[in-house]
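Student: Just one file: upload.pdb, with PDB, C-alpha atoms, pLDDT in the B column.
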ATOM      1  CA  MET A   1      -0.108  -8.787 -31.377  1.00 72.00           C
ATOM      2  CA  THR A   2       1.638 -11.737 -33.014  1.00 78.00           C
ATOM      3  CA  ARG A   3       4.792 -11.176 -30.979  1.00 79.00           C
ATOM      4  CA  LEU A   4       2.753 -10.673 -27.815  1.00 80.00           C
ATOM      5  CA  GLY A   5       0.968 -13.982 -28.357  1.00 85.00           C
ATOM      6  CA  ARG A   6       4.291 -15.658 -29.098  1.00 81.00           C
ATOM      7  CA  TYR A   7       5.650 -14.253 -25.846  1.00 82.00           C
ATOM      8  CA  PHE A   8       2.798 -15.753 -23.788  1.00 81.00           C
ATOM      9  CA  ILE A   9       3.263 -19.098 -25.530  1.00 83.00           C
ATOM     10  CA  PHE A  10       6.947 -18.828 -24.634  1.00 82.00           C
ATOM     11  CA  LEU A  11       5.995 -18.328 -20.981  1.00 81.00           C
ATOM     12  CA  GLY A  12       3.735 -21.367 -21.091  1.00 82.00           C
ATOM     13  CA  MET A  13       6.607 -23.488 -22.413  1.00 80.00           C
ATOM     14  CA  LEU A  14       8.577 -22.742 -19.225  1.00 77.00           C
ATOM     15  CA  PHE A  15       6.490 -25.228 -17.256  1.00 77.00           C
ATOM     16  CA  ARG A  16       6.265 -28.096 -19.738  1.00 75.00           C
ATOM     17  CA  ARG A  17       8.487 -31.174 -19.482  1.00 70.00           C
ATOM     18  CA  ARG A  18      10.507 -29.743 -16.627  1.00 70.00           C
ATOM     19  CA  GLU A  19      13.700 -31.346 -15.362  1.00 69.00           C
ATOM     20  CA  LYS A  20      14.319 -32.528 -11.806  1.00 73.00           C
ATOM     21  CA  ALA A  21      14.310 -29.906  -9.071  1.00 71.00           C
ATOM     22  CA  SER A  22      17.962 -30.587  -8.288  1.00 73.00           C
ATOM     23  CA  VAL A  23      18.941 -29.524 -11.815  1.00 73.00           C
ATOM     24  CA  TYR A  24      17.123 -26.220 -11.466  1.00 76.00           C
ATOM     25  CA  ALA A  25      18.506 -25.643  -7.973  1.00 82.00           C
ATOM     26  CA  ARG A  26      22.092 -25.875  -9.184  1.00 82.00           C
ATOM     27  CA  GLN A  27      21.479 -23.726 -12.258  1.00 83.00           C
ATOM     28  CA  THR A  28      19.524 -21.156 -10.246  1.00 85.00           C
ATOM     29  CA  LEU A  29      22.447 -20.656  -7.880  1.00 86.00           C
ATOM     30  CA  GLU A  30      24.822 -20.237 -10.802  1.00 84.00           C
ATOM     31  CA  GLU A  31      22.510 -17.717 -12.450  1.00 84.00           C
ATOM     32  CA  ALA A  32      22.074 -15.869  -9.151  1.00 86.00           C
ATOM     33  CA  VAL A  33      25.814 -15.210  -9.108  1.00 85.00           C
ATOM     34  CA  LEU A  34      25.862 -14.093 -12.752  1.00 82.00           C
ATOM     35  CA  LEU A  35      22.736 -11.938 -12.611  1.00 80.00           C
ATOM     36  CA  GLY A  36      22.853 -10.618  -9.063  1.00 79.00           C
ATOM     37  CA  ILE A  37      26.195 -10.809  -7.323  1.00 80.00           C
ATOM     38  CA  ASP A  38      28.078  -9.412 -10.312  1.00 80.00           C
ATOM     39  CA  SER A  39      25.673  -6.433 -10.371  1.00 84.00           C
ATOM     40  CA  ILE A  40      26.283  -5.268  -6.794  1.00 88.00           C
ATOM     41  CA  PHE A  41      28.990  -2.768  -7.776  1.00 89.00           C
ATOM     42  CA  ILE A  42      26.991  -0.898 -10.415  1.00 89.00           C
ATOM     43  CA  VAL A  43      23.875  -0.931  -8.221  1.00 90.00           C
ATOM     44  CA  SER A  44      25.839   0.479  -5.278  1.00 91.00           C
ATOM     45  CA  ILE A  45      27.393   3.304  -7.307  1.00 92.00           C
ATOM     46  CA  VAL A  46      24.152   4.327  -9.008  1.00 91.00           C
ATOM     47  CA  SER A  47      21.977   4.218  -5.886  1.00 91.00           C
ATOM     48  CA  THR A  48      24.466   6.125  -3.702  1.00 92.00           C
ATOM     49  CA  PHE A  49      24.785   9.009  -6.117  1.00 91.00           C
ATOM     50  CA  ILE A  50      21.041   9.083  -6.862  1.00 91.00           C
ATOM     51  CA  GLY A  51      20.378   9.529  -3.150  1.00 91.00           C
ATOM     52  CA  ALA A  52      23.039  12.216  -2.883  1.00 91.00           C
ATOM     53  CA  VAL A  53      21.701  14.146  -5.878  1.00 92.00           C
ATOM     54  CA  THR A  54      18.111  13.855  -4.629  1.00 90.00           C
ATOM     55  CA  CYS A  55      19.081  15.282  -1.244  1.00 90.00           C
ATOM     56  CA  VAL A  56      21.068  18.188  -2.705  1.00 89.00           C
ATOM     57  CA  GLN A  57      18.416  19.120  -5.265  1.00 89.00           C
ATOM     58  CA  THR A  58      15.608  18.858  -2.710  1.00 88.00           C
ATOM     59  CA  ALA A  59      17.506  21.163  -0.368  1.00 86.00           C
ATOM     60  CA  TYR A  60      18.091  23.581  -3.247  1.00 86.00           C
ATOM     61  CA  ASN A  61      14.373  23.820  -4.009  1.00 84.00           C
ATOM     62  CA  LEU A  62      13.091  24.023  -0.415  1.00 80.00           C
ATOM     63  CA  VAL A  63      13.871  27.685   0.160  1.00 75.00           C
ATOM     64  CA  SER A  64      10.810  28.605   2.204  1.00 74.00           C
ATOM     65  CA  PRO A  65      11.544  29.390   5.876  1.00 76.00           C
ATOM     66  CA  PHE A  66       8.209  27.786   6.799  1.00 79.00           C
ATOM     67  CA  ILE A  67       9.354  24.324   5.667  1.00 79.00           C
ATOM     68  CA  PRO A  68      11.532  22.520   8.243  1.00 83.00           C
ATOM     69  CA  ASP A  69      14.824  21.030   7.110  1.00 81.00           C
ATOM     70  CA  TYR A  70      13.871  17.495   8.104  1.00 84.00           C
ATOM     71  CA  VAL A  71      11.466  17.438   5.139  1.00 88.00           C
ATOM     72  CA  ILE A  72      14.548  16.984   2.931  1.00 88.00           C
ATOM     73  CA  SER A  73      15.329  13.527   4.313  1.00 87.00           C
ATOM     74  CA  LEU A  74      11.630  12.643   4.402  1.00 89.00           C
ATOM     75  CA  ILE A  75      11.423  13.305   0.642  1.00 89.00           C
ATOM     76  CA  VAL A  76      14.631  11.376   0.010  1.00 89.00           C
ATOM     77  CA  ARG A  77      13.249   8.419   1.977  1.00 90.00           C
ATOM     78  CA  ASP A  78       9.880   8.298   0.230  1.00 89.00           C
ATOM     79  CA  MET A  79      11.299   8.856  -3.257  1.00 90.00           C
ATOM     80  CA  THR A  80      13.871   6.141  -2.650  1.00 90.00           C
ATOM     81  CA  LEU A  81      11.388   3.542  -1.419  1.00 90.00           C
ATOM     82  CA  LEU A  82       8.585   4.299  -3.844  1.00 88.00           C
ATOM     83  CA  GLU A  83      10.458   4.991  -7.058  1.00 87.00           C
ATOM     84  CA  LEU A  84      14.217   5.496  -7.158  1.00 87.00           C
ATOM     85  CA  ALA A  85      15.407   2.224  -5.617  1.00 88.00           C
ATOM     86  CA  PRO A  86      13.035  -0.254  -7.335  1.00 90.00           C
ATOM     87  CA  THR A  87      12.426   1.455 -10.671  1.00 90.00           C
ATOM     88  CA  ILE A  88      15.692   3.231 -11.529  1.00 89.00           C
ATOM     89  CA  THR A  89      17.800   0.326 -10.287  1.00 89.00           C
ATOM     90  CA  SER A  90      15.678  -2.127 -12.293  1.00 90.00           C
ATOM     91  CA  ILE A  91      16.213  -0.035 -15.427  1.00 92.00           C
ATOM     92  CA  VAL A  92      19.962  -0.149 -14.800  1.00 90.00           C
ATOM     93  CA  LEU A  93      19.734  -3.915 -14.324  1.00 89.00           C
ATOM     94  CA  ALA A  94      17.715  -4.199 -17.528  1.00 89.00           C
ATOM     95  CA  GLY A  95      20.675  -2.720 -19.365  1.00 88.00           C
ATOM     96  CA  LYS A  96      23.216  -5.002 -17.721  1.00 87.00           C
ATOM     97  CA  VAL A  97      21.322  -8.224 -17.057  1.00 88.00           C
ATOM     98  CA  GLY A  98      18.859  -8.021 -19.942  1.00 87.00           C
ATOM     99  CA  SER A  99      21.493  -7.533 -22.615  1.00 87.00           C
ATOM    100  CA  ASN A 100      23.553 -10.349 -21.103  1.00 87.00           C
ATOM    101  CA  ILE A 101      20.640 -12.794 -21.181  1.00 88.00           C
ATOM    102  CA  ALA A 102      19.564 -11.849 -24.710  1.00 89.00           C
ATOM    103  CA  SER A 103      23.059 -12.017 -26.174  1.00 87.00           C
ATOM    104  CA  GLY A 104      23.827 -15.306 -24.407  1.00 86.00           C
ATOM    105  CA  LEU A 105      20.687 -17.067 -25.617  1.00 86.00           C
ATOM    106  CA  GLY A 106      21.004 -15.478 -29.048  1.00 87.00           C
ATOM    107  CA  THR A 107      24.524 -16.839 -29.416  1.00 86.00           C
ATOM    108  CA  MET A 108      23.319 -20.290 -28.355  1.00 83.00           C
ATOM    109  CA  ARG A 109      20.528 -20.103 -30.914  1.00 83.00           C
ATOM    110  CA  ILE A 110      22.663 -19.142 -33.928  1.00 84.00           C
ATOM    111  CA  SER A 111      25.356 -21.666 -32.951  1.00 82.00           C
ATOM    112  CA  GLU A 112      22.639 -24.388 -32.856  1.00 79.00           C
ATOM    113  CA  GLN A 113      23.203 -25.250 -29.195  1.00 80.00           C
ATOM    114  CA  VAL A 114      19.492 -24.759 -28.531  1.00 79.00           C
ATOM    115  CA  ASP A 115      18.659 -27.193 -31.345  1.00 75.00           C
ATOM    116  CA  ALA A 116      21.057 -29.702 -29.815  1.00 82.00           C
ATOM    117  CA  LEU A 117      19.177 -29.544 -26.512  1.00 75.00           C
ATOM    118  CA  GLU A 118      15.891 -30.167 -28.321  1.00 74.00           C
ATOM    119  CA  VAL A 119      17.394 -33.158 -30.140  1.00 78.00           C
ATOM    120  CA  MET A 120      18.449 -34.565 -26.752  1.00 78.00           C
ATOM    121  CA  GLY A 121      14.799 -34.455 -25.682  1.00 72.00           C
ATOM    122  CA  LEU A 122      15.085 -31.494 -23.328  1.00 76.00           C
ATOM    123  CA  ASN A 123      12.675 -28.596 -23.147  1.00 77.00           C
ATOM    124  CA  SER A 124      15.239 -25.916 -23.998  1.00 80.00           C
ATOM    125  CA  VAL A 125      13.000 -23.050 -22.863  1.00 80.00           C
ATOM    126  CA  SER A 126      12.506 -24.513 -19.401  1.00 81.00           C
ATOM    127  CA  TYR A 127      16.107 -25.720 -19.100  1.00 82.00           C
ATOM    128  CA  LEU A 128      17.709 -22.420 -20.147  1.00 84.00           C
ATOM    129  CA  VAL A 129      15.235 -19.726 -19.112  1.00 86.00           C
ATOM    130  CA  LEU A 130      13.448 -20.887 -15.952  1.00 87.00           C
ATOM    131  CA  PRO A 131      16.615 -20.826 -13.765  1.00 87.00           C
ATOM    132  CA  LYS A 132      17.324 -17.277 -14.924  1.00 89.00           C
ATOM    133  CA  ILE A 133      13.836 -16.120 -13.936  1.00 90.00           C
ATOM    134  CA  LEU A 134      13.997 -17.861 -10.558  1.00 90.00           C
ATOM    135  CA  ALA A 135      17.438 -16.397  -9.852  1.00 90.00           C
ATOM    136  CA  ALA A 136      16.331 -12.869 -10.773  1.00 91.00           C
ATOM    137  CA  VAL A 137      13.184 -13.096  -8.641  1.00 91.00           C
ATOM    138  CA  LEU A 138      15.317 -14.191  -5.679  1.00 91.00           C
ATOM    139  CA  VAL A 139      18.272 -11.844  -6.099  1.00 91.00           C
ATOM    140  CA  PHE A 140      16.732  -8.601  -7.373  1.00 92.00           C
ATOM    141  CA  PRO A 141      14.875  -7.837  -4.098  1.00 91.00           C
ATOM    142  CA  MET A 142      18.195  -8.181  -2.283  1.00 91.00           C
ATOM    143  CA  LEU A 143      19.814  -5.750  -4.696  1.00 91.00           C
ATOM    144  CA  ILE A 144      16.943  -3.292  -4.308  1.00 92.00           C
ATOM    145  CA  THR A 145      17.243  -3.489  -0.517  1.00 92.00           C
ATOM    146  CA  ILE A 146      20.929  -2.618  -0.788  1.00 92.00           C
ATOM    147  CA  ALA A 147      20.086   0.153  -3.257  1.00 91.00           C
ATOM    148  CA  GLY A 148      17.502   1.666  -0.907  1.00 91.00           C
ATOM    149  CA  PHE A 149      19.881   1.674   2.035  1.00 92.00           C
ATOM    150  CA  LEU A 150      22.756   3.165   0.036  1.00 93.00           C
ATOM    151  CA  SER A 151      20.521   5.793  -1.533  1.00 92.00           C
ATOM    152  CA  ILE A 152      19.357   7.042   1.878  1.00 92.00           C
ATOM    153  CA  TRP A 153      22.931   6.862   3.149  1.00 93.00           C
ATOM    154  CA  GLY A 154      24.162   8.798   0.110  1.00 92.00           C
ATOM    155  CA  GLY A 155      21.604  11.505   0.866  1.00 90.00           C
ATOM    156  CA  TYR A 156      22.811  11.613   4.465  1.00 91.00           C
ATOM    157  CA  VAL A 157      26.451  12.041   3.432  1.00 91.00           C
ATOM    158  CA  ALA A 158      25.691  14.674   0.800  1.00 90.00           C
ATOM    159  CA  GLY A 159      23.287  16.611   3.018  1.00 88.00           C
ATOM    160  CA  THR A 160      25.594  16.745   6.028  1.00 89.00           C
ATOM    161  CA  LEU A 161      28.763  17.503   4.048  1.00 89.00           C
ATOM    162  CA  THR A 162      27.143  20.386   2.160  1.00 85.00           C
ATOM    163  CA  GLY A 163      25.504  21.767   5.304  1.00 83.00           C
ATOM    164  CA  ALA A 164      22.017  21.486   3.818  1.00 81.00           C
ATOM    165  CA  ILE A 165      20.791  19.510   6.825  1.00 85.00           C
ATOM    166  CA  THR A 166      22.206  18.439  10.161  1.00 87.00           C
ATOM    167  CA  PRO A 167      22.644  14.718  10.994  1.00 87.00           C
ATOM    168  CA  ASP A 168      19.978  14.863  13.715  1.00 89.00           C
ATOM    169  CA  GLU A 169      17.440  16.490  11.407  1.00 89.00           C
ATOM    170  CA  TYR A 170      18.167  13.938   8.674  1.00 88.00           C
ATOM    171  CA  ILE A 171      17.582  11.014  11.040  1.00 90.00           C
ATOM    172  CA  TYR A 172      14.414  12.652  12.371  1.00 90.00           C
ATOM    173  CA  GLY A 173      13.095  13.152   8.834  1.00 87.00           C
ATOM    174  CA  ILE A 174      13.732   9.510   7.957  1.00 88.00           C
ATOM    175  CA  ARG A 175      11.609   8.424  10.924  1.00 87.00           C
ATOM    176  CA  ALA A 176       8.855  11.015  10.525  1.00 84.00           C
ATOM    177  CA  ASP A 177       5.477   9.933   9.127  1.00 83.00           C
ATOM    178  CA  PHE A 178       6.848   6.613   7.903  1.00 86.00           C
ATOM    179  CA  ILE A 179       4.395   4.383   6.008  1.00 86.00           C
ATOM    180  CA  PRO A 180       5.398   0.724   6.537  1.00 88.00           C
ATOM    181  CA  PHE A 181       3.640  -0.463   3.366  1.00 90.00           C
ATOM    182  CA  ASN A 182       6.182   1.413   1.223  1.00 88.00           C
ATOM    183  CA  VAL A 183       8.754  -1.305   1.890  1.00 91.00           C
ATOM    184  CA  PRO A 184       6.677  -4.330   0.728  1.00 91.00           C
ATOM    185  CA  PHE A 185       5.387  -2.195  -2.154  1.00 92.00           C
ATOM    186  CA  ALA A 186       8.961  -1.656  -3.356  1.00 91.00           C
ATOM    187  CA  LEU A 187       9.703  -5.374  -3.059  1.00 92.00           C
ATOM    188  CA  ILE A 188       6.531  -6.329  -4.944  1.00 93.00           C
ATOM    189  CA  LYS A 189       7.508  -3.984  -7.752  1.00 93.00           C
ATOM    190  CA  THR A 190      10.993  -5.473  -7.800  1.00 93.00           C
ATOM    191  CA  VAL A 191       9.721  -9.039  -8.180  1.00 94.00           C
ATOM    192  CA  VAL A 192       7.488  -7.997 -11.087  1.00 94.00           C
ATOM    193  CA  PHE A 193      10.327  -6.071 -12.729  1.00 94.00           C
ATOM    194  CA  ALA A 194      12.708  -9.019 -12.291  1.00 93.00           C
ATOM    195  CA  PHE A 195      10.253 -11.335 -14.044  1.00 93.00           C
ATOM    196  CA  LEU A 196       9.694  -8.880 -16.884  1.00 93.00           C
ATOM    197  CA  ILE A 197      13.395  -8.204 -17.461  1.00 93.00           C
ATOM    198  CA  THR A 198      14.443 -11.843 -17.574  1.00 92.00           C
ATOM    199  CA  SER A 199      11.467 -13.196 -19.510  1.00 91.00           C
ATOM    200  CA  ILE A 200      11.464 -10.454 -22.158  1.00 92.00           C
ATOM    201  CA  SER A 201      15.243 -10.612 -22.617  1.00 91.00           C
ATOM    202  CA  ALA A 202      15.171 -14.411 -22.806  1.00 90.00           C
ATOM    203  CA  PHE A 203      12.331 -14.261 -25.332  1.00 89.00           C
ATOM    204  CA  GLN A 204      14.276 -11.888 -27.569  1.00 89.00           C
ATOM    205  CA  GLY A 205      17.442 -13.958 -27.354  1.00 86.00           C
ATOM    206  CA  TYR A 206      15.755 -17.336 -27.760  1.00 84.00           C
ATOM    207  CA  TYR A 207      14.103 -16.418 -31.057  1.00 85.00           C
ATOM    208  CA  THR A 208      17.143 -14.739 -32.594  1.00 83.00           C
ATOM    209  CA  GLU A 209      17.609 -15.574 -36.258  1.00 81.00           C
ATOM    210  CA  GLY A 210      20.599 -14.882 -38.472  1.00 76.00           C
ATOM    211  CA  GLY A 211      24.135 -14.157 -37.339  1.00 76.00           C
ATOM    212  CA  ALA A 212      26.169 -11.986 -35.002  1.00 76.00           C
ATOM    213  CA  LEU A 213      24.491  -8.773 -36.198  1.00 81.00           C
ATOM    214  CA  GLU A 214      21.070 -10.113 -35.219  1.00 82.00           C
ATOM    215  CA  VAL A 215      22.387 -11.035 -31.753  1.00 84.00           C
ATOM    216  CA  GLY A 216      23.307  -7.382 -31.211  1.00 84.00           C
ATOM    217  CA  LYS A 217      19.900  -6.259 -32.440  1.00 86.00           C
ATOM    218  CA  ALA A 218      18.156  -8.750 -30.141  1.00 86.00           C
ATOM    219  CA  SER A 219      20.169  -7.459 -27.193  1.00 87.00           C
ATOM    220  CA  THR A 220      19.224  -3.855 -27.967  1.00 89.00           C
ATOM    221  CA  THR A 221      15.559  -4.761 -28.455  1.00 89.00           C
ATOM    222  CA  ALA A 222      15.545  -6.702 -25.194  1.00 89.00           C
ATOM    223  CA  VAL A 223      16.803  -3.707 -23.205  1.00 90.00           C
ATOM    224  CA  THR A 224      14.370  -1.324 -24.910  1.00 92.00           C
ATOM    225  CA  ASN A 225      11.343  -3.549 -24.417  1.00 91.00           C
ATOM    226  CA  SER A 226      12.314  -4.322 -20.814  1.00 91.00           C
ATOM    227  CA  CYS A 227      12.534  -0.626 -19.958  1.00 92.00           C
ATOM    228  CA  ILE A 228       9.144   0.052 -21.531  1.00 93.00           C
ATOM    229  CA  ALA A 229       7.609  -2.902 -19.685  1.00 92.00           C
ATOM    230  CA  ILE A 230       9.100  -1.678 -16.386  1.00 93.00           C
ATOM    231  CA  LEU A 231       7.573   1.787 -16.798  1.00 93.00           C
ATOM    232  CA  VAL A 232       4.159   0.423 -17.768  1.00 93.00           C
ATOM    233  CA  ALA A 233       4.177  -2.057 -14.883  1.00 93.00           C
ATOM    234  CA  ASP A 234       5.311   0.710 -12.518  1.00 92.00           C
ATOM    235  CA  TYR A 235       2.255   2.784 -13.391  1.00 92.00           C
ATOM    236  CA  LEU A 236      -0.144  -0.154 -13.136  1.00 93.00           C
ATOM    237  CA  LEU A 237       1.224  -1.319  -9.784  1.00 92.00           C
ATOM    238  CA  ALA A 238       1.028   2.209  -8.390  1.00 89.00           C
ATOM    239  CA  GLN A 239      -2.602   2.438  -9.469  1.00 91.00           C
ATOM    240  CA  LEU A 240      -3.482  -0.975  -8.033  1.00 90.00           C
ATOM    241  CA  LEU A 241      -1.565  -0.986  -4.744  1.00 87.00           C
ATOM    242  CA  LEU A 242      -1.364   2.635  -3.580  1.00 77.00           C
TER     243      LEU A 242
END
The structure given in the file should be rewritten as structure tokens.
Tutor:
Amino acid sequence: MTRLGRYFIFLGMLFRRREKASVYARQTLEEAVLLGIDSIFIVSIVSTFIGAVTCVQTAYNLVSPFIPDYVISLIVRDMTLLELAPTITSIVLAGKVGSNIASGLGTMRISEQVDALEVMGLNSVSYLVLPKILAAVLVFPMLITIAGFLSIWGGYVAGTLTGAITPDEYIYGIRADFIPFNVPFALIKTVVFAFLITSISAFQGYYTEGGALEVGKASTTAVTNSCIAILVADYLLAQLLL
């Protein structure tokens, strides 16, 4: 409970004694490149193969002659939009982005760079953390959109190459019984996950104490806590919005 209260106080400090908007705009763009653009490759690889595996395993389990083949792509589509693209990709990003944020801020803390900012009269929490959160909230939905497209495309390639489903049936299944709300639901989840990943990782890194060993521990704790927060938020959002 003490750490939870400290975390909410940390969030409140984000909006105190803020700098000019131009400062945050420049830093947000820089963070967007570090947090988002550099993650496109890993997101693309993971999402493509997740879609391919989902299609193959779905086809393997649908052995009843009464179930049409287009159901395979329908399941791939709904699983991708509701769960695989936003949640699994966010967990992957928690490992890459979260550890990067925690280790970076932890190194600044033990090398007294954070103290130097405070001596200069800056709100170090707002100056260092707020651009990271803004960048993640802006960039993560773009990454999830790419992940969703590549996951469905990966299922298409795997299904047609293995002969589990024909191209026409796959396209028909993607269009069948589509629920438009699934797309904004995935994006809402992504924004929440982006905030949780960056804020929790920044919190762990900002309050690092000790030396290099503690920086590694803070990075590990940040990834673990971010993954737990993602799963809890995933359940709560599903209960509230679906």
Student: Compare A:Ala238, A:Val92, A:Ile75, A:Ala186 by their minimum atom-to-atom distance to Ser47 (chain A), counting all atoms listed in the file, and give me the closest one.
Tutor: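 With all atoms listed in the file as the atom set, the closest residue is A:Val92.
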Student: Centre and edge lengths, as lines of an AutoDock Vina configuration file, for the axis-aligned box enclosing every listed atom of region 84-91 of chain A with 4 Å of padding on each of the six sides, in Å to one decimal?
Tutor:
center_x = 15.1
center_y = 1.7
center_z = -10.5
size_x = 13.4
size_y = 15.6
size_z = 17.8
Student: Run through the PyMOL selection byres ((chain A and resi 224) around 10) on the given coordinates and return the selected residues as a VMD selection string.
Tutor: chain A and resid 91 94 to 95 98 to 99 200 to 201 218 to 223 225 to 229
Student: As a list in words, please: the residues near Gly216 (chain A) (cut-off 12 Å, all atoms listed in the file, same-chain neighbours under 2 positions excluded).
Tutor: Ser99, Asn100, Ile101, Ala102, Ser103, Gly104, Leu105, Gly106, Thr107, Gln204, Gly205, Thr208, Glu209, Gly210, Gly211, Ala212, Leu213, Glu214, Ala218, Ser219, Thr220, Thr221, Ala222 and Val223 of chain A
Student: Point out the residue among A:Met142, A:Val97, A:Ile165, A:Val119 with the least atom-to-atom distance to Ala85 (chain A), counting all atoms listed in the file.
Tutor: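 Using all atoms listed in the file, Ala85 (chain A) sits closest to A:Met142.
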Student: Could you write region 179-231 of chain A of the block just shown to a file containing C-alpha atoms, as a PDB file, in the first residue's frame?
Tutor:
ATOM      1  CA  ILE A 179     -18.393  -6.052 -34.878  1.00  0.00           C
ATOM      2  CA  PRO A 180     -17.086  -2.504 -35.498  1.00  0.00           C
ATOM      3  CA  PHE A 181     -16.653  -1.761 -31.780  1.00  0.00           C
ATOM      4  CA  ASN A 182     -13.815  -4.306 -31.575  1.00  0.00           C
ATOM      5  CA  VAL A 183     -11.472  -1.834 -33.261  1.00  0.00           C
ATOM      6  CA  PRO A 184     -11.971   1.131 -30.856  1.00  0.00           C
ATOM      7  CA  PHE A 185     -11.981  -1.359 -27.969  1.00  0.00           C
ATOM      8  CA  ALA A 186      -8.502  -2.541 -28.975  1.00  0.00           C
ATOM      9  CA  LEU A 187      -7.279   1.049 -29.254  1.00  0.00           C
ATOM     10  CA  ILE A 188      -8.734   1.986 -25.857  1.00  0.00           C
ATOM     11  CA  LYS A 189      -6.945  -0.961 -24.292  1.00  0.00           C
ATOM     12  CA  THR A 190      -3.725   0.067 -26.004  1.00  0.00           C
ATOM     13  CA  VAL A 191      -3.851   3.615 -24.635  1.00  0.00           C
ATOM     14  CA  VAL A 192      -4.406   2.297 -21.103  1.00  0.00           C
ATOM     15  CA  PHE A 193      -1.593  -0.234 -21.481  1.00  0.00           C
ATOM     16  CA  ALA A 194       0.758   2.440 -22.849  1.00  0.00           C
ATOM     17  CA  PHE A 195       0.107   4.642 -19.818  1.00  0.00           C
ATOM     18  CA  LEU A 196       0.617   1.764 -17.397  1.00  0.00           C
ATOM     19  CA  ILE A 197       3.849   0.556 -19.006  1.00  0.00           C
ATOM     20  CA  THR A 198       5.522   3.952 -19.118  1.00  0.00           C
ATOM     21  CA  SER A 199       4.337   5.243 -15.747  1.00  0.00           C
ATOM     22  CA  ILE A 200       5.148   2.056 -13.818  1.00  0.00           C
ATOM     23  CA  SER A 201       8.554   1.675 -15.484  1.00  0.00           C
ATOM     24  CA  ALA A 202       9.371   5.345 -14.906  1.00  0.00           C
ATOM     25  CA  PHE A 203       8.297   5.041 -11.270  1.00  0.00           C
ATOM     26  CA  GLN A 204      10.586   2.064 -10.710  1.00  0.00           C
ATOM     27  CA  GLY A 205      13.525   3.747 -12.409  1.00  0.00           C
ATOM     28  CA  TYR A 206      13.029   7.156 -10.811  1.00  0.00           C
ATOM     29  CA  TYR A 207      13.185   5.813  -7.258  1.00  0.00           C
ATOM     30  CA  THR A 208      16.160   3.520  -7.809  1.00  0.00           C
ATOM     31  CA  GLU A 209      18.622   3.561  -4.932  1.00  0.00           C
ATOM     32  CA  GLY A 210      22.111   2.102  -4.792  1.00  0.00           C
ATOM     33  CA  GLY A 211      24.306   1.199  -7.738  1.00  0.00           C
ATOM     34  CA  ALA A 212      24.334  -0.698 -11.011  1.00  0.00           C
ATOM     35  CA  LEU A 213      22.905  -3.862  -9.424  1.00  0.00           C
ATOM     36  CA  GLU A 214      19.834  -1.962  -8.234  1.00  0.00           C
ATOM     37  CA  VAL A 215      19.314  -0.543 -11.744  1.00  0.00           C
ATOM     38  CA  GLY A 216      19.046  -4.102 -13.065  1.00  0.00           C
ATOM     39  CA  LYS A 217      16.629  -5.033 -10.294  1.00  0.00           C
ATOM     40  CA  ALA A 218      14.499  -1.952 -11.005  1.00  0.00           C
ATOM     41  CA  SER A 219      14.372  -2.871 -14.685  1.00  0.00           C
ATOM     42  CA  THR A 220      13.251  -6.419 -13.888  1.00  0.00           C
ATOM     43  CA  THR A 221      10.651  -5.200 -11.390  1.00  0.00           C
ATOM     44  CA  ALA A 222       9.342  -2.672 -13.899  1.00  0.00           C
ATOM     45  CA  VAL A 223       8.738  -5.348 -16.541  1.00  0.00           C
ATOM     46  CA  THR A 224       7.118  -7.713 -14.035  1.00  0.00           C
ATOM     47  CA  ASN A 225       4.807  -5.093 -12.569  1.00  0.00           C
ATOM     48  CA  SER A 226       3.899  -3.751 -16.018  1.00  0.00           C
ATOM     49  CA  CYS A 227       2.878  -7.208 -17.221  1.00  0.00           C
ATOM     50  CA  ILE A 228       0.745  -7.775 -14.130  1.00  0.00           C
ATOM     51  CA  ALA A 229      -0.882  -4.357 -14.531  1.00  0.00           C
ATOM     52  CA  ILE A 230      -1.610  -5.081 -18.211  1.00  0.00           C
ATOM     53  CA  LEU A 231      -3.373  -8.355 -17.383  1.00  0.00           C
TER      54      LEU A 231
END
